[in-house]
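To be precise, the following lines are coords_15.txt, and they hold compact mmCIF, C-alpha atoms.
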# COMPACT_ATOMS: atom_id res chain seq x y z
CA MET A 901 75.91 -23.76 33.18
CA LYS A 902 77.84 -20.78 31.91
CA LEU A 903 81.46 -20.59 30.80
CA VAL A 904 83.53 -17.85 32.43
CA ALA A 905 87.18 -17.39 33.44
CA ALA A 906 89.27 -16.69 36.51
CA LYS A 907 90.00 -12.94 36.52
CA VAL A 908 92.42 -12.94 39.47
CA PRO A 909 96.00 -14.24 39.31
CA VAL A 910 95.27 -17.25 41.57
CA SER A 911 91.89 -18.38 42.89
CA THR A 912 91.92 -21.18 45.45
CA VAL A 913 89.16 -23.76 45.02
CA TRP A 914 87.42 -24.86 48.23
CA THR A 915 85.29 -27.83 49.23
CA SER A 916 82.42 -25.50 50.21
CA PRO A 917 81.76 -21.81 50.93
CA ASP A 918 82.08 -22.64 54.63
CA ALA A 919 85.55 -24.18 54.29
CA PRO A 920 87.78 -21.08 54.56
CA ARG A 921 88.97 -20.02 58.02
CA ASP A 922 89.59 -16.48 59.25
CA ILE A 923 93.29 -16.85 58.41
CA ASP A 924 92.33 -17.70 54.83
CA ALA A 925 90.82 -14.26 54.22
CA PRO A 926 93.73 -13.09 51.98
CA ALA A 927 93.00 -16.00 49.64
CA THR A 928 89.25 -15.37 49.43
CA ALA A 929 89.33 -11.56 49.18
CA ALA A 930 87.95 -9.97 46.01
CA ARG A 931 91.58 -9.19 45.14
CA PRO A 932 93.33 -12.19 46.68
CA ASP A 933 96.91 -12.01 47.92
CA VAL A 934 97.91 -15.65 47.72
CA ALA A 935 101.59 -14.85 48.33
CA ALA A 936 100.77 -13.18 51.67
CA TRP A 937 98.37 -16.00 52.57
CA ALA A 938 101.01 -18.65 51.96
CA LYS A 939 103.60 -16.69 53.93
CA SER A 940 101.25 -16.35 56.90
CA MET A 941 100.77 -20.09 57.44
CA ASP A 942 102.97 -22.31 59.57
CA THR A 943 102.90 -26.10 59.26
CA GLU A 944 100.00 -26.58 61.66
CA ILE A 945 97.83 -24.06 59.82
CA ARG A 946 98.79 -25.61 56.47
CA LEU A 947 97.75 -29.03 57.76
CA GLY A 948 94.34 -27.51 58.43
CA LEU A 949 93.88 -27.03 54.68
CA HIS A 950 93.41 -30.77 54.23
CA GLY A 951 89.73 -31.28 53.54
CA ARG A 952 89.27 -27.55 52.86
CA THR A 953 91.17 -26.71 49.69
CA LEU A 954 91.08 -28.75 46.49
CA THR A 955 93.07 -27.01 43.76
CA GLN A 956 93.71 -23.55 42.31
CA LEU A 957 92.63 -21.69 39.18
CA LEU A 958 95.08 -19.48 37.34
CA PHE A 959 94.38 -16.20 35.57
CA ALA A 960 92.14 -16.56 32.46
CA GLU A 961 91.55 -20.27 33.11
CA PRO A 962 88.12 -21.34 31.79
CA VAL A 963 85.51 -22.26 34.41
CA LEU A 964 82.01 -23.70 34.18
CA VAL A 965 79.62 -22.29 36.80
CA ARG A 966 76.95 -24.70 38.04
CA SER A 967 75.29 -22.59 40.71
CA GLU A 968 75.80 -19.53 42.89
CA ARG A 969 75.15 -19.01 46.60
CA ASP A 970 75.93 -16.14 48.96
CA GLY A 971 78.73 -14.71 46.85
CA TRP A 972 80.21 -18.10 45.95
CA SER A 973 80.13 -20.08 42.70
CA GLU A 974 80.02 -23.86 42.38
CA ILE A 975 82.37 -24.58 39.49
CA VAL A 976 84.13 -27.21 37.46
CA ALA A 977 87.55 -26.55 35.89
CA PRO A 978 87.73 -28.14 32.41
CA TRP A 979 91.51 -27.74 32.15
CA GLN A 980 91.92 -29.98 35.22
CA PRO A 981 90.64 -33.46 34.29
CA SER A 982 89.27 -35.42 37.24
CA SER A 983 87.55 -38.73 37.90
CA GLN A 984 85.22 -36.79 40.20
CA ASP A 985 83.42 -35.16 37.26
CA GLU A 986 83.64 -35.78 33.52
CA LEU A 987 83.55 -32.01 32.89
CA GLY A 988 86.55 -31.14 35.08
CA TYR A 989 87.65 -30.55 38.65
CA PRO A 990 84.73 -29.50 40.90
CA GLY A 991 84.66 -27.11 43.86
CA TRP A 992 83.73 -23.62 45.05
CA VAL A 993 85.34 -20.20 44.49
CA PRO A 994 84.32 -16.63 45.39
CA SER A 995 82.13 -15.29 42.57
CA SER A 996 84.21 -12.09 42.64
CA HIS A 997 87.14 -14.11 41.24
CA LEU A 998 85.30 -14.82 37.97
CA GLY A 999 84.81 -12.71 34.86
CA GLU A 1000 84.03 -12.96 31.18
CA LEU A 1001 86.07 -15.41 29.13
CA PRO A 1002 88.79 -13.73 27.03
CA GLY A 1003 88.00 -13.38 23.35
CA SER A 1004 89.48 -15.63 20.71
CA ALA A 1005 93.01 -14.87 19.56
CA SER A 1006 96.03 -16.64 18.12
CA ALA A 1007 98.47 -19.19 19.51
CA PRO A 1008 98.44 -19.80 23.29
CA VAL A 1009 101.48 -18.96 25.38
CA ALA A 1010 102.32 -19.93 28.96
CA ILE A 1011 104.24 -18.16 31.69
CA ALA A 1012 107.36 -20.27 32.12
CA VAL A 1013 109.00 -18.39 35.03
CA PRO A 1014 107.79 -18.34 38.66
CA THR A 1015 105.99 -14.97 38.33
CA ALA A 1016 105.66 -12.35 35.61
CA SER A 1017 104.33 -8.80 35.42
CA LEU A 1018 101.32 -8.12 33.24
CA THR A 1019 101.49 -4.49 32.07
CA ALA A 1020 99.16 -2.10 30.28
CA GLU A 1021 101.90 -1.15 27.80
CA PRO A 1022 105.17 -2.85 26.78
CA GLY A 1023 107.63 -2.29 29.63
CA GLY A 1024 105.12 -0.25 31.62
CA ALA A 1025 104.09 -0.44 35.26
CA ALA A 1026 102.71 -3.77 36.43
CA LEU A 1027 98.96 -4.23 36.49
CA THR A 1028 99.33 -7.50 38.38
CA GLU A 1029 101.72 -10.41 38.91
CA LEU A 1030 100.80 -13.67 37.18
CA SER A 1031 101.91 -17.15 38.21
CA PHE A 1032 103.88 -19.83 36.44
CA GLY A 1033 101.50 -22.04 34.48
CA THR A 1034 99.17 -19.24 33.40
CA VAL A 1035 98.10 -19.84 29.79
CA LEU A 1036 96.96 -16.90 27.66
CA ALA A 1037 96.03 -16.29 24.04
CA SER A 1038 98.47 -14.01 22.21
CA ILE A 1039 97.20 -11.13 20.07
CA GLU A 1040 100.30 -9.37 18.74
CA HIS A 1041 104.05 -8.96 19.22
CA ALA A 1042 106.07 -5.75 19.50
CA ASP A 1043 109.66 -5.02 20.55
CA GLY A 1044 110.19 -8.08 22.71
CA TYR A 1045 106.70 -8.09 24.22
CA THR A 1046 103.49 -10.02 23.54
CA ARG A 1047 99.99 -8.63 23.96
CA VAL A 1048 97.60 -11.20 25.41
CA ALA A 1049 93.84 -11.40 25.82
CA THR A 1050 92.57 -11.12 29.40
CA PRO A 1051 89.16 -11.64 31.04
CA ASP A 1052 86.37 -9.06 30.75
CA ASP A 1053 87.38 -8.11 27.20
CA GLY A 1054 90.76 -6.75 28.27
CA SER A 1055 94.38 -7.19 27.24
CA GLY A 1056 97.85 -6.71 28.62
CA TRP A 1057 101.52 -7.13 27.75
CA LEU A 1058 104.11 -9.67 28.88
CA ALA A 1059 107.83 -9.79 28.10
CA ASP A 1060 108.63 -12.46 25.53
CA ASP A 1061 111.38 -13.90 27.73
CA VAL A 1062 108.89 -15.04 30.40
CA LEU A 1063 106.73 -16.91 27.88
CA ARG A 1064 106.78 -20.26 26.12
CA SER A 1065 104.54 -21.32 23.27
CA VAL A 1066 102.54 -24.32 24.50
CA GLU A 1067 102.70 -25.66 20.94
CA ASP A 1068 106.50 -26.01 20.97
CA PRO A 1069 107.86 -29.56 21.30
CA ALA A 1070 108.80 -30.56 24.86
CA THR A 1071 111.51 -32.87 26.18
CA PRO A 1072 111.97 -34.71 29.50
CA GLU A 1073 114.70 -32.17 30.27
CA ASP A 1074 112.13 -29.39 29.92
CA ARG A 1075 109.96 -30.99 32.61
CA LEU A 1076 112.85 -31.25 35.05
CA ARG A 1077 114.14 -27.76 34.28
CA LEU A 1078 110.73 -26.17 34.88
CA GLY A 1079 110.05 -28.20 38.02
CA SER A 1080 113.49 -27.38 39.44
CA MET A 1081 112.65 -23.67 39.49
CA PHE A 1082 110.57 -24.40 42.60
CA LEU A 1083 113.18 -26.22 44.67
CA GLY A 1084 112.74 -25.05 48.26
CA LEU A 1085 109.11 -23.97 47.78
CA GLU A 1086 106.89 -25.01 50.69
CA TYR A 1087 104.32 -27.70 49.97
CA LEU A 1088 100.76 -26.38 49.76
CA TRP A 1089 97.80 -28.76 49.80
CA GLY A 1090 95.81 -28.03 46.63
CA GLY A 1091 98.51 -25.74 45.24
CA THR A 1092 99.02 -25.28 41.50
CA SER A 1093 100.82 -21.92 41.53
CA ALA A 1094 104.20 -20.35 42.17
CA TYR A 1095 103.09 -19.65 45.77
CA GLY A 1096 102.70 -23.32 46.66
CA LEU A 1097 102.45 -26.71 44.98
CA ASP A 1098 101.36 -30.15 46.05
CA CYS A 1099 102.78 -33.31 44.47
CA SER A 1100 100.27 -33.66 41.64
CA GLY A 1101 99.98 -29.88 41.29
CA LEU A 1102 103.66 -29.79 40.31
CA ILE A 1103 103.11 -32.40 37.58
CA HIS A 1104 99.88 -30.81 36.35
CA THR A 1105 101.21 -27.24 36.20
CA VAL A 1106 104.50 -28.14 34.52
CA GLY A 1107 102.49 -30.13 32.00
CA ARG A 1108 100.26 -27.12 31.34
CA VAL A 1109 103.29 -24.98 30.39
CA LEU A 1110 104.35 -27.73 27.97
CA GLY A 1111 100.92 -27.98 26.33
CA LEU A 1112 99.77 -31.14 28.13
CA ARG A 1113 96.26 -31.53 29.56
CA THR A 1114 97.32 -33.60 32.57
CA PRO A 1115 94.79 -34.79 35.20
CA ARG A 1116 94.90 -32.86 38.45
CA ASP A 1117 95.23 -35.62 41.09
CA ALA A 1118 97.97 -38.24 41.41
CA HIS A 1119 95.65 -41.27 41.13
CA ASP A 1120 94.05 -39.83 37.98
CA GLN A 1121 97.47 -39.09 36.52
CA ALA A 1122 98.47 -42.70 37.15
CA ALA A 1123 95.29 -43.97 35.48
CA ALA A 1124 95.68 -41.72 32.43
CA MET A 1125 99.34 -42.32 31.58
CA GLU A 1126 101.20 -45.20 30.01
CA ASP A 1127 102.71 -47.53 32.63
CA ILE A 1128 106.32 -48.57 32.24
CA PRO A 1129 108.43 -50.90 34.38
CA VAL A 1130 109.97 -49.04 37.31
CA ASP A 1131 113.46 -50.16 36.34
CA GLU A 1132 112.99 -48.64 32.87
CA ALA A 1133 112.06 -45.17 34.19
CA ARG A 1134 114.25 -42.35 32.92
CA PRO A 1135 114.65 -38.75 34.12
CA GLY A 1136 111.52 -36.82 33.21
CA ASP A 1137 109.23 -39.84 33.66
CA LEU A 1138 106.97 -40.21 36.70
CA TYR A 1139 107.05 -42.37 39.83
CA PHE A 1140 103.74 -43.19 41.51
CA PHE A 1141 103.31 -44.31 45.11
CA GLY A 1142 100.53 -46.12 46.96
CA ARG A 1143 99.88 -48.51 49.82
CA PRO A 1144 98.37 -51.99 49.43
CA GLY A 1145 94.66 -51.83 48.72
CA GLN A 1146 94.67 -48.02 48.41
CA GLN A 1147 94.78 -45.65 45.46
CA VAL A 1148 97.93 -43.82 44.40
CA HIS A 1149 98.61 -40.98 46.84
CA HIS A 1150 101.92 -39.47 45.64
CA VAL A 1151 103.76 -38.66 42.43
CA GLY A 1152 107.09 -37.13 41.44
CA PHE A 1153 109.39 -36.64 38.47
CA VAL A 1154 112.12 -39.24 38.06
CA SER A 1155 115.49 -37.49 38.20
CA ALA A 1156 119.16 -38.43 38.06
CA GLU A 1157 119.33 -37.80 41.82
CA GLY A 1158 116.22 -39.87 42.55
CA MET A 1159 113.02 -37.84 42.44
CA LEU A 1160 111.98 -34.21 42.02
CA HIS A 1161 108.77 -33.78 44.01
CA ALA A 1162 106.64 -31.79 46.43
CA SER A 1163 106.80 -34.17 49.35
CA GLU A 1164 104.17 -33.33 51.98
CA THR A 1165 102.86 -30.55 54.23
CA GLY A 1166 105.68 -29.19 56.37
CA LYS A 1167 108.35 -29.98 53.78
CA LYS A 1168 109.77 -28.22 50.75
CA LEU A 1169 109.99 -29.21 47.12
CA GLU A 1170 113.16 -31.23 46.71
CA ASN A 1171 115.27 -33.26 44.30
CA ALA A 1172 116.66 -36.13 46.36
CA PRO A 1173 117.20 -39.90 46.53
CA LEU A 1174 114.17 -42.05 47.33
CA THR A 1175 113.77 -42.76 51.03
CA ASP A 1176 113.17 -46.31 52.28
CA ASP A 1177 109.50 -45.45 52.84
CA ARG A 1178 109.15 -44.17 49.30
CA ARG A 1179 110.80 -47.27 47.87
CA ALA A 1180 108.42 -49.47 49.88
CA THR A 1181 105.37 -47.71 48.40
CA LEU A 1182 106.62 -47.24 44.81
CA VAL A 1183 103.97 -49.00 42.74
CA THR A 1184 104.57 -47.97 39.13
CA ALA A 1185 106.21 -45.55 36.75
CA ALA A 1186 104.75 -43.77 33.73
CA ARG A 1187 105.81 -41.82 30.68
CA PHE A 1188 104.12 -38.76 29.19

Structure rendered as structure tokens:
Amino acid sequence: MKLVAAKVPVSTVWTSPDAPRDIDAPATAARPDVAAWAKSMDTEIRLGLHGRTLTQLLFAEPVLVRSERDGWSEIVAPWQPSSQDELGYPGWVPSSHLGELPGSASAPVAIAVPTASLTAEPGGAALTELSFGTVLASIEHADGYTRVATPDDGSGWLADDVLRSVEDPATPEDRLRLGSMFLGLEYLWGGTSAYGLDCSGLIHTVGRVLGLRTPRDAHDQAAAMEDIPVDEARPGDLYFFGRPGQQVHHVGFVSAEGMLHASETGKKLENAPLTDDRRATLVTAARF
């Protein structure tokens, strides 16, 4: 296996090279346009992603390549812990989405706003738009900007006000504040980016900005975190949901209103009281 990195802003991970449909072409192009892809899909088309998409890689995220076939790479994502593979989350991505791992640099920073422009020079024209949750190694600071290492031995600049050091202490309020930026965003099966999130993708990606290596899927998150009694859950903790005899299938942030969560395909990320169905399937709570 070789260690590389995602060199596009968002690379969707698929169950196989045959999984994408014609309508998914913007997501699998050599220069993917995930924003346009998400905008093009209605609820029925989004439902068709179930069993096709698995997760997403963000710019500069490390990737282990197991094999290559017909322009596709079989990968595992070490930053996305999974019970499916001890090395990370497995799946397939277009080989054109991968490049050389960025060189070593100083403290890591994360994009803490929905999207941010990566520029060649401080305040210059955008080279590309990067998603919330993207973690990069900083090289230097100048006049309100940070230069970061990028794949294929490159670099670029980001405004300091879009970044957060992943080494800074985090609070429960930070989790809710970051998650609330995506209120109204349409649910996307396998989504971990500003263009679409699923329930566990929201938890995982917010955690990444706060320096937490959180498992990718809801049932793995439930297994990895410290259980607490449901009636002791406080805002910023997690609620987990499951049906009798089945593994956990849903997760959300506990909030003063009830729960901040990406509900399901066809709905939008919301902060709302628990429905009767949710209360009936609430199995445990957990604390980071």

task = Return the single residue from A:Gly1111, A:Gly1079, A:Gly1136, A:Pro920 that is closest to Cys1099 (chain A), with distances computed using only C-alpha atoms.
result =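 The shortest atom-to-atom distance to Cys1099 (chain A) comes from A:Gly1079.
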
query = What is the CA of Leu1088 (chain A) to CA of Arg946 (chain A) distance in Å?
reply =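 These two atoms are separated by 7.0 Å.
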
Minimum-distance residue to Pro962 (chain A), chosen among A:Trp1089, A:Tyr1139, A:Tyr1095, A:Trp979 (using all atoms listed in the file) = A:Trp979

request  = May I have the residues within 7 Å of Pro1135 (chain A) as a list in words, using only C-alpha atoms and disregarding those fewer than 2 positions away in the same chain?
outcome  = Pro1072, Ala1133, Asp1137, Val1154, Ser1155 and Ala1156 of chain A

request  = Figure out the distance between CA of Ala936 (chain A) and CA of Arg921 (chain A), please, to one decimal in Å.
outcome  =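 Here the two named atoms are 15.0 Å from each other.
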
query = Leaving out Arg1077 (chain A) and any residue of its chain fewer than 5 positions from it, which residues lie within 12 Å of it when counting only C-alpha atoms, given as a VMD selection string?
reply = chain A and resid 1012 to 1013 1070 to 1072 1082 to 1083 1106 1109 to 1110 1135 to 1136 1153 1155 1160 1171

task = Give the answer as one residue: which of A:Gln1146, A:Thr1015, A:Val965, A:Val1009 has the shortest atom-to-atom distance to Asp1068 (chain A), using all atoms listed in the file?
result = A:Val1009

query = In Å, with one decimal, what is the gap from CA of Gly1090 (chain A) to CA of Gly988 (chain A)?
reply = 15.1 Å

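Shortest separation to Asp1120 (chain A) among A:Gln984, A:Ile945, A:Val1048, A:Phe1188 occurs at residue A:Gln984, atoms counted being all atoms listed in the file.
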
ask   = Quick one: residues within 10 Å of Ser940 (chain A), only C-alpha atoms counted, chain neighbours fewer than 5 positions away excluded, as a PyMOL selection string?
value = chain A and resi 923-924+926+934-935+945-946

Selection file, C-alpha atoms, as a PDB file, in the coordinates of the input:
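part_24.pdb, written as the output of this step:
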ATOM      1  CA  ILE A 923      93.290 -16.850  58.410  1.00  0.00           C
ATOM      2  CA  ASP A 924      92.330 -17.700  54.830  1.00  0.00           C
ATOM      3  CA  PRO A 926      93.730 -13.090  51.980  1.00  0.00           C
ATOM      4  CA  VAL A 934      97.910 -15.650  47.720  1.00  0.00           C
ATOM      5  CA  ALA A 935     101.590 -14.850  48.330  1.00  0.00           C
ATOM      6  CA  ILE A 945      97.830 -24.060  59.820  1.00  0.00           C
ATOM      7  CA  ARG A 946      98.790 -25.610  56.470  1.00  0.00           C
TER       8      ARG A 946
END

query = With all atoms listed in the file as the atoms that count, which of A:Ala1094, A:Leu1138, A:Ala977, A:Val1062 lies nearest to Arg1075 (chain A)?
reply = A:Leu1138

key: Among the residues A:Ala925, A:Pro917, A:Pro1002, A:Arg931, the one that comes closest to Trp972 (chain A) [using only C-alpha atoms]   =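 Of A:Ala925, A:Pro917, A:Pro1002, A:Arg931, the one nearest Trp972 (chain A), counting only C-alpha atoms, is A:Pro917.
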
message = Give me the residues near Pro1144 (chain A) as a count of residues only, where near means some atom within 10 Å (using all atoms listed in the file) and where sequence neighbours in that chain fewer than 3 positions away do not count.
response = 4

Point (95.6, -33.9, 33.7), cut-off 12 Å, counting all atoms listed in the file, residues as JSON, numbers by chain = {"A": [977, 978, 979, 980, 981, 982, 983, 988, 989, 1100, 1101, 1102, 1103, 1104, 1105, 1106, 1107, 1108, 1111, 1112, 1113, 1114, 1115, 1116, 1117, 1118, 1119, 1120, 1121, 1122, 1123, 1124, 1125, 1188]}
